[in-house]
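Peer 1: Structure file data32.pdb, PDB, C-alpha atoms, is pasted below:
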```
ATOM      1  CA  MET A   1      -2.995  56.715   7.003  1.00  0.00           C
ATOM      2  CA  SER A   2      -0.287  54.183   7.640  1.00  0.00           C
ATOM      3  CA  LEU A   3      -0.007  51.585  10.357  1.00  0.00           C
ATOM      4  CA  ASP A   4       1.913  52.461  13.512  1.00  0.00           C
ATOM      5  CA  VAL A   5       4.392  49.590  13.424  1.00  0.00           C
ATOM      6  CA  SER A   6       6.467  49.124  16.547  1.00  0.00           C
ATOM      7  CA  PRO A   7      10.218  48.667  16.138  1.00  0.00           C
ATOM      8  CA  ALA A   8       9.903  45.126  17.516  1.00  0.00           C
ATOM      9  CA  LEU A   9       7.209  44.164  14.990  1.00  0.00           C
ATOM     10  CA  LEU A  10       9.159  45.758  12.154  1.00  0.00           C
ATOM     11  CA  GLU A  11      12.242  43.783  13.208  1.00  0.00           C
ATOM     12  CA  LYS A  12      10.213  40.543  13.143  1.00  0.00           C
ATOM     13  CA  ALA A  13       8.933  41.387   9.667  1.00  0.00           C
ATOM     14  CA  GLU A  14      12.489  42.042   8.474  1.00  0.00           C
ATOM     15  CA  ARG A  15      13.580  38.633   9.821  1.00  0.00           C
ATOM     16  CA  GLY A  16      10.684  36.683   8.289  1.00  0.00           C
ATOM     17  CA  GLU A  17       7.031  35.922   8.798  1.00  0.00           C
ATOM     18  CA  VAL A  18       4.996  37.810  11.392  1.00  0.00           C
ATOM     19  CA  ASP A  19       2.347  36.157  13.531  1.00  0.00           C
ATOM     20  CA  GLU A  20      -1.031  37.285  12.187  1.00  0.00           C
ATOM     21  CA  ALA A  21      -2.314  37.990  15.708  1.00  0.00           C
ATOM     22  CA  GLU A  22       0.478  40.557  16.119  1.00  0.00           C
ATOM     23  CA  PHE A  23      -0.448  42.108  12.778  1.00  0.00           C
ATOM     24  CA  VAL A  24      -4.129  42.264  13.760  1.00  0.00           C
ATOM     25  CA  ASP A  25      -3.172  43.957  17.031  1.00  0.00           C
ATOM     26  CA  CYS A  26      -1.128  46.508  15.064  1.00  0.00           C
ATOM     27  CA  VAL A  27      -4.185  47.188  12.897  1.00  0.00           C
ATOM     28  CA  ARG A  28      -6.406  47.503  15.985  1.00  0.00           C
ATOM     29  CA  THR A  29      -4.167  50.090  17.603  1.00  0.00           C
ATOM     30  CA  SER A  30      -3.299  51.947  14.370  1.00  0.00           C
ATOM     31  CA  LEU A  31      -6.803  52.200  12.932  1.00  0.00           C
ATOM     32  CA  PRO A  32      -9.092  52.494  15.980  1.00  0.00           C
ATOM     33  CA  TYR A  33     -12.069  54.003  14.121  1.00  0.00           C
ATOM     34  CA  ALA A  34     -12.021  51.289  11.463  1.00  0.00           C
ATOM     35  CA  TRP A  35     -11.524  48.605  14.110  1.00  0.00           C
ATOM     36  CA  GLU A  36     -14.439  49.859  16.190  1.00  0.00           C
ATOM     37  CA  MET A  37     -16.687  50.145  13.129  1.00  0.00           C
ATOM     38  CA  ILE A  38     -15.976  46.596  11.992  1.00  0.00           C
ATOM     39  CA  SER A  39     -16.097  45.037  15.457  1.00  0.00           C
ATOM     40  CA  SER A  40     -19.415  46.766  16.246  1.00  0.00           C
ATOM     41  CA  LEU A  41     -20.895  45.507  12.964  1.00  0.00           C
ATOM     42  CA  VAL A  42     -19.699  41.986  13.749  1.00  0.00           C
ATOM     43  CA  ALA A  43     -21.383  42.222  17.167  1.00  0.00           C
ATOM     44  CA  GLN A  44     -24.561  43.576  15.557  1.00  0.00           C
ATOM     45  CA  LEU A  45     -24.597  40.688  13.070  1.00  0.00           C
ATOM     46  CA  LYS A  46     -24.204  38.163  15.883  1.00  0.00           C
ATOM     47  CA  VAL A  47     -27.032  39.731  17.923  1.00  0.00           C
ATOM     48  CA  ASP A  48     -29.459  40.528  15.113  1.00  0.00           C
ATOM     49  CA  GLY A  49     -28.644  37.672  12.758  1.00  0.00           C
ATOM     50  CA  GLY A  50     -29.661  38.154   9.174  1.00  0.00           C
ATOM     51  CA  ALA A  51     -27.697  38.237   5.949  1.00  0.00           C
ATOM     52  CA  PHE A  52     -25.455  41.187   6.876  1.00  0.00           C
ATOM     53  CA  ALA A  53     -24.918  44.226   9.089  1.00  0.00           C
ATOM     54  CA  ASP A  54     -23.810  47.547   7.665  1.00  0.00           C
ATOM     55  CA  ASN A  55     -22.988  51.121   8.529  1.00  0.00           C
ATOM     56  CA  GLN A  56     -24.562  53.941   6.542  1.00  0.00           C
ATOM     57  CA  THR A  57     -23.326  56.865   8.649  1.00  0.00           C
ATOM     58  CA  PRO A  58     -20.390  58.784   7.178  1.00  0.00           C
ATOM     59  CA  PRO A  59     -17.253  58.984   9.334  1.00  0.00           C
ATOM     60  CA  PRO A  60     -17.008  62.043  11.592  1.00  0.00           C
ATOM     61  CA  ASP A  61     -13.878  63.384   9.880  1.00  0.00           C
ATOM     62  CA  GLU A  62     -11.280  62.742   7.196  1.00  0.00           C
ATOM     63  CA  GLN A  63      -8.971  60.884   9.577  1.00  0.00           C
ATOM     64  CA  ALA A  64     -11.713  58.341  10.320  1.00  0.00           C
ATOM     65  CA  ARG A  65     -12.567  58.056   6.627  1.00  0.00           C
ATOM     66  CA  GLY A  66      -8.880  57.455   5.902  1.00  0.00           C
ATOM     67  CA  GLN A  67      -8.811  54.638   8.429  1.00  0.00           C
ATOM     68  CA  LEU A  68     -11.708  52.880   6.723  1.00  0.00           C
ATOM     69  CA  LEU A  69     -10.079  53.306   3.331  1.00  0.00           C
ATOM     70  CA  ARG A  70      -6.753  51.985   4.635  1.00  0.00           C
ATOM     71  CA  ALA A  71      -8.330  48.973   6.325  1.00  0.00           C
ATOM     72  CA  LEU A  72     -10.499  47.941   3.411  1.00  0.00           C
ATOM     73  CA  ALA A  73      -8.228  48.860   0.491  1.00  0.00           C
ATOM     74  CA  SER A  74      -5.276  46.832   1.747  1.00  0.00           C
ATOM     75  CA  ASP A  75      -5.541  43.155   0.840  1.00  0.00           C
ATOM     76  CA  ALA A  76      -3.367  42.191   3.825  1.00  0.00           C
ATOM     77  CA  ILE A  77      -5.357  44.229   6.352  1.00  0.00           C
ATOM     78  CA  ARG A  78      -8.751  43.301   4.950  1.00  0.00           C
ATOM     79  CA  GLY A  79      -7.860  39.616   4.800  1.00  0.00           C
ATOM     80  CA  ALA A  80      -6.504  39.597   8.344  1.00  0.00           C
ATOM     81  CA  LEU A  81      -9.634  41.332   9.641  1.00  0.00           C
ATOM     82  CA  GLN A  82     -11.894  38.889   7.821  1.00  0.00           C
ATOM     83  CA  ARG A  83     -10.019  35.920   9.285  1.00  0.00           C
ATOM     84  CA  HIS A  84      -9.883  37.471  12.763  1.00  0.00           C
ATOM     85  CA  PHE A  85     -13.608  38.228  12.915  1.00  0.00           C
ATOM     86  CA  GLY A  86     -14.750  35.249  10.827  1.00  0.00           C
ATOM     87  CA  VAL A  87     -16.714  37.384   8.340  1.00  0.00           C
ATOM     88  CA  ARG A  88     -16.556  38.704   4.811  1.00  0.00           C
ATOM     89  CA  LEU A  89     -16.226  42.476   4.441  1.00  0.00           C
ATOM     90  CA  ALA A  90     -17.770  44.651   1.749  1.00  0.00           C
ATOM     91  CA  PHE A  91     -17.308  48.369   1.195  1.00  0.00           C
ATOM     92  CA  GLN A  92     -19.101  51.174  -0.681  1.00  0.00           C
ATOM     93  CA  ASN A  93     -18.685  54.954  -0.885  1.00  0.00           C
ATOM     94  CA  CYS A  94     -15.835  55.509   1.565  1.00  0.00           C
ATOM     95  CA  HIS A  95     -18.000  54.703   4.566  1.00  0.00           C
ATOM     96  CA  ARG A  96     -20.580  51.993   3.957  1.00  0.00           C
ATOM     97  CA  VAL A  97     -18.910  48.987   5.512  1.00  0.00           C
ATOM     98  CA  ALA A  98     -20.828  45.720   5.678  1.00  0.00           C
ATOM     99  CA  VAL A  99     -20.043  42.406   7.325  1.00  0.00           C
ATOM    100  CA  PHE A 100     -21.412  39.155   5.981  1.00  0.00           C
ATOM    101  CA  PRO A 101     -21.226  35.746   7.640  1.00  0.00           C
ATOM    102  CA  LEU A 102     -19.081  33.095   5.992  1.00  0.00           C
ATOM    103  CA  ASP A 103     -22.234  31.034   5.423  1.00  0.00           C
ATOM    104  CA  ALA A 104     -22.770  30.354   1.720  1.00  0.00           C
ATOM    105  CA  SER A 105     -26.499  31.034   2.152  1.00  0.00           C
ATOM    106  CA  VAL A 106     -25.776  34.791   1.940  1.00  0.00           C
ATOM    107  CA  ASP A 107     -23.629  34.592  -1.204  1.00  0.00           C
ATOM    108  CA  GLU A 108     -26.427  36.010  -3.358  1.00  0.00           C
ATOM    109  CA  THR A 109     -26.987  38.917  -0.953  1.00  0.00           C
ATOM    110  CA  LEU A 110     -23.250  39.655  -0.912  1.00  0.00           C
ATOM    111  CA  ALA A 111     -23.141  39.526  -4.707  1.00  0.00           C
ATOM    112  CA  ARG A 112     -26.030  42.018  -4.886  1.00  0.00           C
ATOM    113  CA  PHE A 113     -24.384  44.324  -2.320  1.00  0.00           C
ATOM    114  CA  THR A 114     -21.103  44.367  -4.241  1.00  0.00           C
ATOM    115  CA  SER A 115     -22.667  44.576  -7.706  1.00  0.00           C
ATOM    116  CA  VAL A 116     -22.182  47.409 -10.160  1.00  0.00           C
ATOM    117  CA  ARG A 117     -25.911  48.116  -9.912  1.00  0.00           C
ATOM    118  CA  SER A 118     -25.793  48.500  -6.123  1.00  0.00           C
ATOM    119  CA  GLN A 119     -22.744  50.734  -6.362  1.00  0.00           C
ATOM    120  CA  LEU A 120     -24.555  53.012  -8.795  1.00  0.00           C
ATOM    121  CA  LEU A 121     -27.738  53.066  -6.715  1.00  0.00           C
ATOM    122  CA  ASN A 122     -25.731  53.960  -3.591  1.00  0.00           C
ATOM    123  CA  GLN A 123     -24.383  57.198  -5.081  1.00  0.00           C
ATOM    124  CA  SER A 124     -25.323  60.655  -3.910  1.00  0.00           C
ATOM    125  CA  PRO A 125     -23.808  64.155  -4.314  1.00  0.00           C
ATOM    126  CA  GLU A 126     -22.566  64.354  -0.708  1.00  0.00           C
ATOM    127  CA  PHE A 127     -20.265  61.386  -1.346  1.00  0.00           C
ATOM    128  CA  ARG A 128     -18.680  62.989  -4.413  1.00  0.00           C
ATOM    129  CA  ASP A 129     -15.493  63.981  -2.585  1.00  0.00           C
ATOM    130  CA  CYS A 130     -15.050  60.969  -0.351  1.00  0.00           C
TER     131      CYS A 130
END
```
How would this structure read if it were set down as structure tokens?
Peer 2:
Amino acid sequence: MSLDVSPALLEKAERGEVDEAEFVDCVRTSLPYAWEMISSLVAQLKVDGGAFADNQTPPPDEQARGQLLRALASDAIRGALQRHFGVRLAFQNCHRVAVFPLDASVDETLARFTSVRSQLLNQSPEFRDC
């Protein structure tokens, strides 16, 4: 899944630097499932507090899964989303997105979440093809 880049935004990119807010808006409109997933987790983290908020429900279809992969596999998109929402993002198994506050007090929890051990423990046969 690629971003739906308007001709005007593409022209700006060809001329030089693009305003990050315009890029974030392009991501929001191009990847609505990923945007909604991340923004709802950010809201959940703000309401519930705690070390992180995560989603453990697989996407409803391959298009939605593709949006999550696109958003979190691209350094530019992921970085822009982290700066926009003021969080750190983590990702497991093509659907388990987590948001962590920027607060250093959760660094250990983030390290555990993104560890090799956690990745192995979060495996299951139904995720084999994701």
Peer 1: Report as a PyMOL selection string the residues that result from applying the PyMOL selection byres ((chain A and resi 98) around 7) to the structure here.
Peer 2: chain A and resi 52-55+89-91+96-97+99-100
Peer 1: Okay, now the selection with C-alpha atoms, as a compact mmCIF listing (two decimals), in the coordinates of the input?
Peer 2:
```
# COMPACT_ATOMS: atom_id res chain seq x y z
CA PHE A 52 -25.46 41.19 6.88
CA ALA A 53 -24.92 44.23 9.09
CA ASP A 54 -23.81 47.55 7.66
CA ASN A 55 -22.99 51.12 8.53
CA LEU A 89 -16.23 42.48 4.44
CA ALA A 90 -17.77 44.65 1.75
CA PHE A 91 -17.31 48.37 1.20
CA ARG A 96 -20.58 51.99 3.96
CA VAL A 97 -18.91 48.99 5.51
CA VAL A 99 -20.04 42.41 7.32
CA PHE A 100 -21.41 39.16 5.98
```
Peer 1: Counting all atoms listed in the file, which residue out of A:Arg83, A:Leu110, A:Ser2, A:Ala34 sits closest to Arg65 of chain A?
Peer 2: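 Counting all atoms listed in the file, the residue closest to Arg65 of chain A is A:Ala34.
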Peer 1: Hey, can you pull every residue with an atom no more than 12 Å from (-8.2, 49.6, 16.2), using all atoms listed in the file, and send it as a list of chain:residue names?
Peer 2: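 Here the neighbourhood of the point contains A:Leu3, A:Asp4, A:Phe23, A:Val24, A:Asp25, A:Cys26, A:Val27, A:Arg28, A:Thr29, A:Ser30, A:Leu31, A:Pro32, A:Tyr33, A:Ala34, A:Trp35, A:Glu36, A:Met37, A:Ile38, A:Ser39, A:Ser40, A:Ala64, A:Gln67, A:Leu68, A:Arg70, A:Ala71, A:Ile77, A:Leu81.
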Peer 1: Mind giving me the straight-line distance from atom CA of Ser6 of chain A to atom CA of Gly86 of chain A in Å, one decimal?
Peer 2: 26.0 Å
Peer 1: Rounded to one decimal, what separation in Å do you get between atom CA of Ala51 of chain A and atom CA of Gln63 of chain A?
Peer 2: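 Atom CA of Gln63 of chain A lies at a distance of 29.6 Å from atom CA of Ala51 of chain A.
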